Amino acid sequence: MAKQEFLAEAVRLATESVENGWGGPFGAVISRNGEIIARGQNRVLLTGDPTAHAEIETIHKAIQVLNPEAPSIDGEHVNESTLELVPRPEGSPDPVPERARMLQGCAIYISGAPCPMCMSAIYWSRIDAVYFSCDLAATAKIGFDDAFQYEDFQKPLDQRRILIEQIHPELGAEAYKAWMEKADRHPY
C-alpha cells in the first residue's frame with residue numbers, strides 16, 4: 001500500500017468516530033512492511049477516557065499484534081518480558097546499549113498532527129515515521145488546540161498551568177535503586 005492509502009484509511013476511521021459520536025475526528029493506522037497491522041480511532045466520548053486518542057488506541061493494538069505472547073500480571077508467564085532487545089542505533093545519544101524493540105520498523109498515519117501525549121507515546125514506542133494530514137493550526141480551528149501544552153512544557157515547573165512540585169525524593173529513590181540493582185533489568 002502507498003502512503004496515501006494508509007492515510008485515507010486513517011481519515012475513514014476518523015470520520016467514522018465522528019459519525020458514531022465516539023470522539024473527535026481522529027483516526028490512525030500503523031503499518032509495517034507495507035501492510036496495516038493496527039487501526040484506531042478517537043473514543044474519548046465513547047469511553048470517557050481522556051487518553052483514548054486514536055494514536056494511543058492504535059499503539060495498544062499494534063503491540064498486541066506484534067507481541068501476542070505478552071504475559072499478563074495474573075497469567076502463566078508472570079514477571080517475564082517477551083520484548084526483544086535490540087542495539088541502540090549508531091550515533092544515538094542513548095546511554096543504554098540496547099533497548100526493547102517496541103514498534104521499530106513501523107510507521108503511523110494520522111488524520112491530524114499528534115498532541116503532546118500522543119507524540120510522547122510515539123517516541124516511547126519507537127515508531128520510525130509519523131505521517132499526518134491536518135496540521136496543528138487546522139486542528140486548533142476545529143476546537144482542539146494543543147499549542148498551549150507545547151508552550152507550557154517549555155516553561156520552568158513553577159510557571160506552568162498545573163501545580164508541579166517535587167516532594168520526598170528519598171521515597172522515589174527506593175524504586176530507582178531497586179531498578180539499578182536488578183541484574184536482569186530489561187531497558188525499554
# chains A, B, ... in the order shown; residues from 1 in each chain; ligands from 1
$ closest_atom_pairs --of "stretch 89-123 of chain A" --to "stretch 42-57 of chain A" --cutoff "8 Å" --atoms "only C-alpha atoms" --output "CSV"
residue,atom,partner,partner_atom,distance
A:Ile110,CA,A:Glu55,CA,7.4
A:Pro114,CA,A:Glu55,CA,7.7
A:Cys118,CA,A:Glu55,CA,6.0
A:Ala121,CA,A:Ile56,CA,7.0
A:Ile122,CA,A:Glu55,CA,7.9
$ closest_residue --among "A:Phe144, A:Pro87, A:Arg99, A:Ala129" --to "A:Pro25" --atoms "only C-alpha atoms"
A:Phe144
$ residues_around --residues "A:Ile30" --least-positions-apart "6" --cutoff "9 Å" --atoms "only C-alpha atoms" --output "count of residues only"
16
$ atom_distance --atom1 "atom CA of A:Pro187" --atom2 "atom CA of A:Val29"
26.4 Å
$ residues_around --residues "A:Cys134" --least-positions-apart "5" --cutoff "8 Å" --atoms "only C-alpha atoms" --output "short mmCIF file (atom, residue, chain, number, x, y, z; two decimals) with N, CA and C atoms, in the first residue's frame"
data_model
loop_
_atom_site.label_atom_id
_atom_site.label_comp_id
_atom_site.auth_asym_id
_atom_site.auth_seq_id
_atom_site.Cartn_x
_atom_site.Cartn_y
_atom_site.Cartn_z
N SER A 111 -4.92 11.22 11.01
CA SER A 111 -5.73 12.25 10.34
C SER A 111 -5.31 13.66 10.73
N GLY A 112 -4.77 13.84 11.94
CA GLY A 112 -4.31 15.15 12.40
C GLY A 112 -2.99 15.04 13.13
N ALA A 113 -2.29 16.15 13.26
CA ALA A 113 -1.00 16.16 13.95
C ALA A 113 -1.17 15.68 15.38
N THR A 139 -6.14 21.89 13.24
CA THR A 139 -6.75 21.21 14.37
C THR A 139 -7.27 22.22 15.39
#
